[in-house]
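Taking it in order: structure first as C-alpha cells, then the write-up.
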Amino acid sequence: MKIEIKKLFILNFKGIRNYETTFSNRTCLYGNNATGKTTIFDAFTWLLFGKNSLDQQQFEVKTLDENNRVIPKINHEVTGLIEIDGISKEFKRVLREKWVKKRGELETEFAGNTEDFFIDRIPMSKSDYQTAISQIISEDQFKLITNPLYFNSVMEWKERRKMLFKMAGDTSYSEIAERYPRLQEILAEVEKKSIEGYKKQLYVDRKAIREQLDQIAPRIDEQTRTMPEVPNVDKINNEILHYTQQLKVIDGNLDAIQKANRQKREAVQAKYDELNKLSSRRIELEQEAKNKALEGNSSAQGEITKQKLTIEDKKVKIESLKKKIENSEKDIEYLKEQNNKLRKQITELNDDNPDFSQVQELCPTCKRPFEIDDIEGKREAIKEAFNEEKVRKYNILRKKGIENTMEISRYREVIITWQEEINFLQSEIQQIENSIPEFVHDYKPQDFLDADVMAKIDSEIAVLREEIERPNPVENDINGLVERQEIQAKIDDLRDKLSVLKTIEDKRKRIKELETESKNLAEQLMAIEKKEYLAEMFENAFVSGIEEKINLMFKNVQFRMFKEQINGGKTEDCTLIVAGVPWTDLNSGGKIQAGMECINTIGKHFDYYAPIWVDNAESITQLPKTESQLIRLVVSENHQELTIETN
C-alpha cells in the first residue's frame, strides 16, 4: 500500500489563519524558525490521529491573538487530499467551540469543544472516522514508516527486536544443531527452555551441586572427630544382669504394699463418686428453677418490647407526616410569592403604552409630510396590535395566578388531613404506654424449688463428706523406693555406655554415604560443565545466525542483537550501528539517514509506504533514496516566510 499527501488546507490551526499547499513526491518546506514548518507536520498528524508530530494528544490547536489569548467563536480546520494506491480521498477534521445561552441570560458563554469529521465530504462520527483510517494504516505503522527517528529512538527496544526477528524470519534451534552435530545432545532442552533459560537452569544446578560438594568434606571430618571409643561389652552386660536381679526382689515387696493401698483408695473413690452424683443433682435442680424464673420474666419482657416497637413505628410515621406538612407549607409560601410577582407583572402590563416612535410622518425620499389619515391609521394599527398582545399576556398571567391559588388550597386541605392523622397516632401511643405496666413480673428461682427434696440431698452430702474425711492412712516403703531408684540409675548408666555401639555404627555408615554422595556430585558437576560448554557454543552459533539474517536486510546499517557481558555471557540487545558507531552516538544527520534506511527496509518488507517527514533536513547533504513520498523541513534564514518547493 502506498500513501501520498497531495494537498493540505489549514484554517486557524496553531497560528496559521488560512493556508493551502500542494505536495509532490519530493517536497521541501523552507523557512526560518517559527515560520510554521513543524505546524504543517502537526496539522497532518492531527488530521489523521488527533496528535501533533511529537505524538502528543494535549497541545494547543487553537489560534491565539496578539495577547496570546484564544480567538473565540472560530473553527479550527485541517483538510487533506490523500492518495491511497492511486485513489484520492479527502479527509477533514474540524475543532469548534460550543457557545450556549442560558435561560434568563443575554450573553452566550463557552461550553466546551466539539469535533466534526468528514471523509469525501461525508460527515461521520469520531469512531467511524478512526475506524476508516485504521483500515488504511494503523497509528503505530504510520509513525514507524513516516518518522526516521521513531524506530530507534521511540520504539521500545524489545518491540524493535521482535519486529526485526519477524522480518528476518526465525532461525530455529534445529537449524543450528544441524550445522553443529555436537549440539544435538542439548537440542531438546534448548527448544523447551530457550538458550538463555537453559543456561540459567544449568547455572542454578551447578551452583547447587558445588554448594553440596563444599559441605561434604567438613561433614565427613565432623563424623570422624565425634566418633566415641568402643566399650568393654561383656563386663557391662554382667553388671546389668546383677542389678536386674536385685530389682526383682525389691519390686515384689513394693507390689504387696501397693495392692493394700489400692483397695483403700478404691473405697474412698466410691464415696467421692456418690458425692459427685448428689452435688450434680442439686445443681441440676437449682438450674431448672433458674430457667423457669428466667422463662417467666423473658415472656413478660418480650411483650413489653413488642409494645415499645409499636410505639416507635407510630413515632416514625408522625415524624414523616410532620416533614410532609413542613414541605407543603414551604410550597404554599413559594406559590404566594409567585402570585405576588404575577400581580406586579399585571400592574406593569396595565401601565405599559404603545410605542409610536416607528411611525414616520415625513417621506424618507422627498421629505414631504404624509397624509394625516395615513399617519393616524398606522398609529391605530400599532395601538390595536399592542392591545391584543397586552390582553394575551394578561390572560396568561391571570391563568397562572388561578392555578397557583388552587394549588395552595389543595396543599391546605391535605395539611389538615395529615394533622388529624398525627393526633390519632399520638392518642394510640398514649394508650399503649398506659398498658405496659400490666406485663411487668419478677420471678425468682426459689419460687420453683422443692425445699424437702433439697434438704434431703444436703443431708446425704454431709454424711459422705464426714466418712471421706475420717483418717485412713496408707503404707509406704520409702527406703525400698530409694534403693530401687539407685539401682535403676546404675542400670541406665551401664546401658548408656552400650548405646555408643549404635552411635559408632551409624557414624561409620554415614561416612560411607557421604563419600558415595561426593563421588556422584562430582560426576554430575562434570556433566553440567560439559552442557554449559555446549550451551555457550549453541548461543554463539545462534547469535551469529540471527544477526547475519537481520543484517543482510540492510545495506549501510547493522543491528547488534546480543551484547557481550563482563562475565563472558551474552544478553539480548537491539542497537543500530553505523560504521562502528551506535545509534545514540550518531549525529542528527546520521540518525536521519540510518532511520530512513530502516523505513525503506520495513516499508519494502510489509509493502507499506507513507510520507516521510524529515525535520531539520538542512543538516543533511544527501538523503537515501526511497520509494516513499519525501517531505523535508529545512531551517533557512533566507526564507522569513514559509516557502514550499516541489519537484
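If you're wondering about the labels, chains in the C-alpha cells are A, B, ... by order shown, residues count from 1 in each chain, ligands from 1 in order shown.
The protein and nucleic acid residues lying at most 10 Å from stretch 578-580 of chain A are Asn556, Val557, Gln558, Phe559, Leu576, Pro582, Trp583, Asp585, Leu586, Gly590, Lys591 and Ala594 of chain A, with only C-alpha atoms considered and sequence neighbours fewer than 2 positions away removed.
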Tell me which protein, DNA and RNA residues are within 12 Å of A:Tyr334, counting only C-alpha atoms, leaving out same-chain ones fewer than 5 positions away, and put them as a PDB file with C-alpha atoms, in the first residue's frame.
```pdb
ATOM      1  CA  ASN A 327     -42.597  20.814  52.901  1.00  0.00           C
ATOM      2  CA  SER A 328     -46.201  21.652  51.912  1.00  0.00           C
ATOM      3  CA  GLU A 329     -46.105  24.902  53.919  1.00  0.00           C
ATOM      4  CA  ASN A 339     -48.724  35.226  42.844  1.00  0.00           C
ATOM      5  CA  ASN A 340     -47.230  38.479  44.180  1.00  0.00           C
ATOM      6  CA  LYS A 341     -44.826  38.537  41.224  1.00  0.00           C
ATOM      7  CA  ASN A 404     -51.312  28.769  41.925  1.00  0.00           C
ATOM      8  CA  THR A 405     -54.297  29.689  44.150  1.00  0.00           C
ATOM      9  CA  GLU A 407     -52.660  24.551  44.324  1.00  0.00           C
ATOM     10  CA  ILE A 408     -52.441  26.480  47.614  1.00  0.00           C
ATOM     11  CA  TYR A 411     -51.966  21.898  49.980  1.00  0.00           C
TER      12      TYR A 411
END
```
| field | Spatial neighbours of A:Gln141, 10 Å, only C-alpha atoms, chain gap at least 4 places, as a list in words | value |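 These residues fall inside the cut-off: Ser134, Ile137, Ile145, Thr146, Ile602, Gly603, Phe606, Tyr608, Tyr609 and Ala610 of chain A.
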| request: Mind the document's chain letters and residue numbers, and return as a ChimeraX atom specification the residues of stretch 255-489 of chain A that DSSP labels alpha helix (DSSP H). | output: /A:255-351,372-435,451-469,478-489
| Point-to-point distance from atom CA of A:Asn540 to atom CA of A:Lys555, Å rounded to tenths | 23.5 Å
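Residues surrounding A:Ile220 within 9 Å are Ile216, Ala217, Gln223, Thr224, Arg225, Arg510, Ile511, Lys512, Leu514 and Glu515 of chain A [only C-alpha atoms; sequence separation below 3 positions excluded].
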| Shell of 6 Å around stretch 443-447 of chain A, only C-alpha atoms, local chain residues under 5 positions omitted, as JSON, numbers by chain | {"A": [289, 290, 293]}
Would you export the selected residues with C-alpha atoms as a PDB file, in the first residue's frame, please?
```pdb
ATOM      1  CA  ALA A 289     -35.524 -23.359  88.911  1.00  0.00           C
ATOM      2  CA  LYS A 290     -33.432 -20.556  87.413  1.00  0.00           C
ATOM      3  CA  ALA A 293     -37.806 -17.997  86.540  1.00  0.00           C
TER       4      ALA A 293
END
```
| Expressed in Å to a single decimal, how great is the separation between atom CA of A:Asp492 and atom CA of A:Asn232? |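 Between atom CA of A:Asp492 and atom CA of A:Asn232 the gap works out to 16.0 Å.
The two atoms in question, atom CA of A:Gln245 and atom CA of A:Gln258, are spaced 20.5 Å apart.
By only C-alpha atoms, and with residues fewer than 5 positions from A:Tyr129 along its chain excluded, the set lying at most 10 Å from it is Leu48, Phe49, Phe91, Lys92, Arg93, Asp116, Phe117, Phe118, Ile119, Pro123, Met124 and Ser134 of chain A.
Checking A:Glu460, A:Glu159, A:Glu4, A:Glu376 one by one against A:Arg26, counting only C-alpha atoms, you find the shortest gap at A:Glu4.
Counting only C-alpha atoms, the residue from A:Glu222, A:Ile176, A:Asp128, A:Ile240 that sits nearest to A:Leu498 is A:Ile240.
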| said: Here is a test: counting only C-alpha atoms, which residue of A:Arg465, A:Lys235, A:Lys393, A:Lys322 is nearest to A:Ile346? | reply: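 Comparing A:Arg465, A:Lys235, A:Lys393, A:Lys322 against A:Ile346, the winner is A:Lys393.
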| For A:Val249: contacts at 10 Å, only C-alpha atoms, fewer than 5 positions along chain excluded, given as a list of chain:residue names |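 Listed by chain and then number, they are A:Thr244, A:Leu254, A:Arg484.
Distances here use only C-alpha atoms; by that measure, the residue among A:Phe41, A:Tyr243, A:Phe448, A:Phe542 closest to A:Glu196 is A:Phe542.
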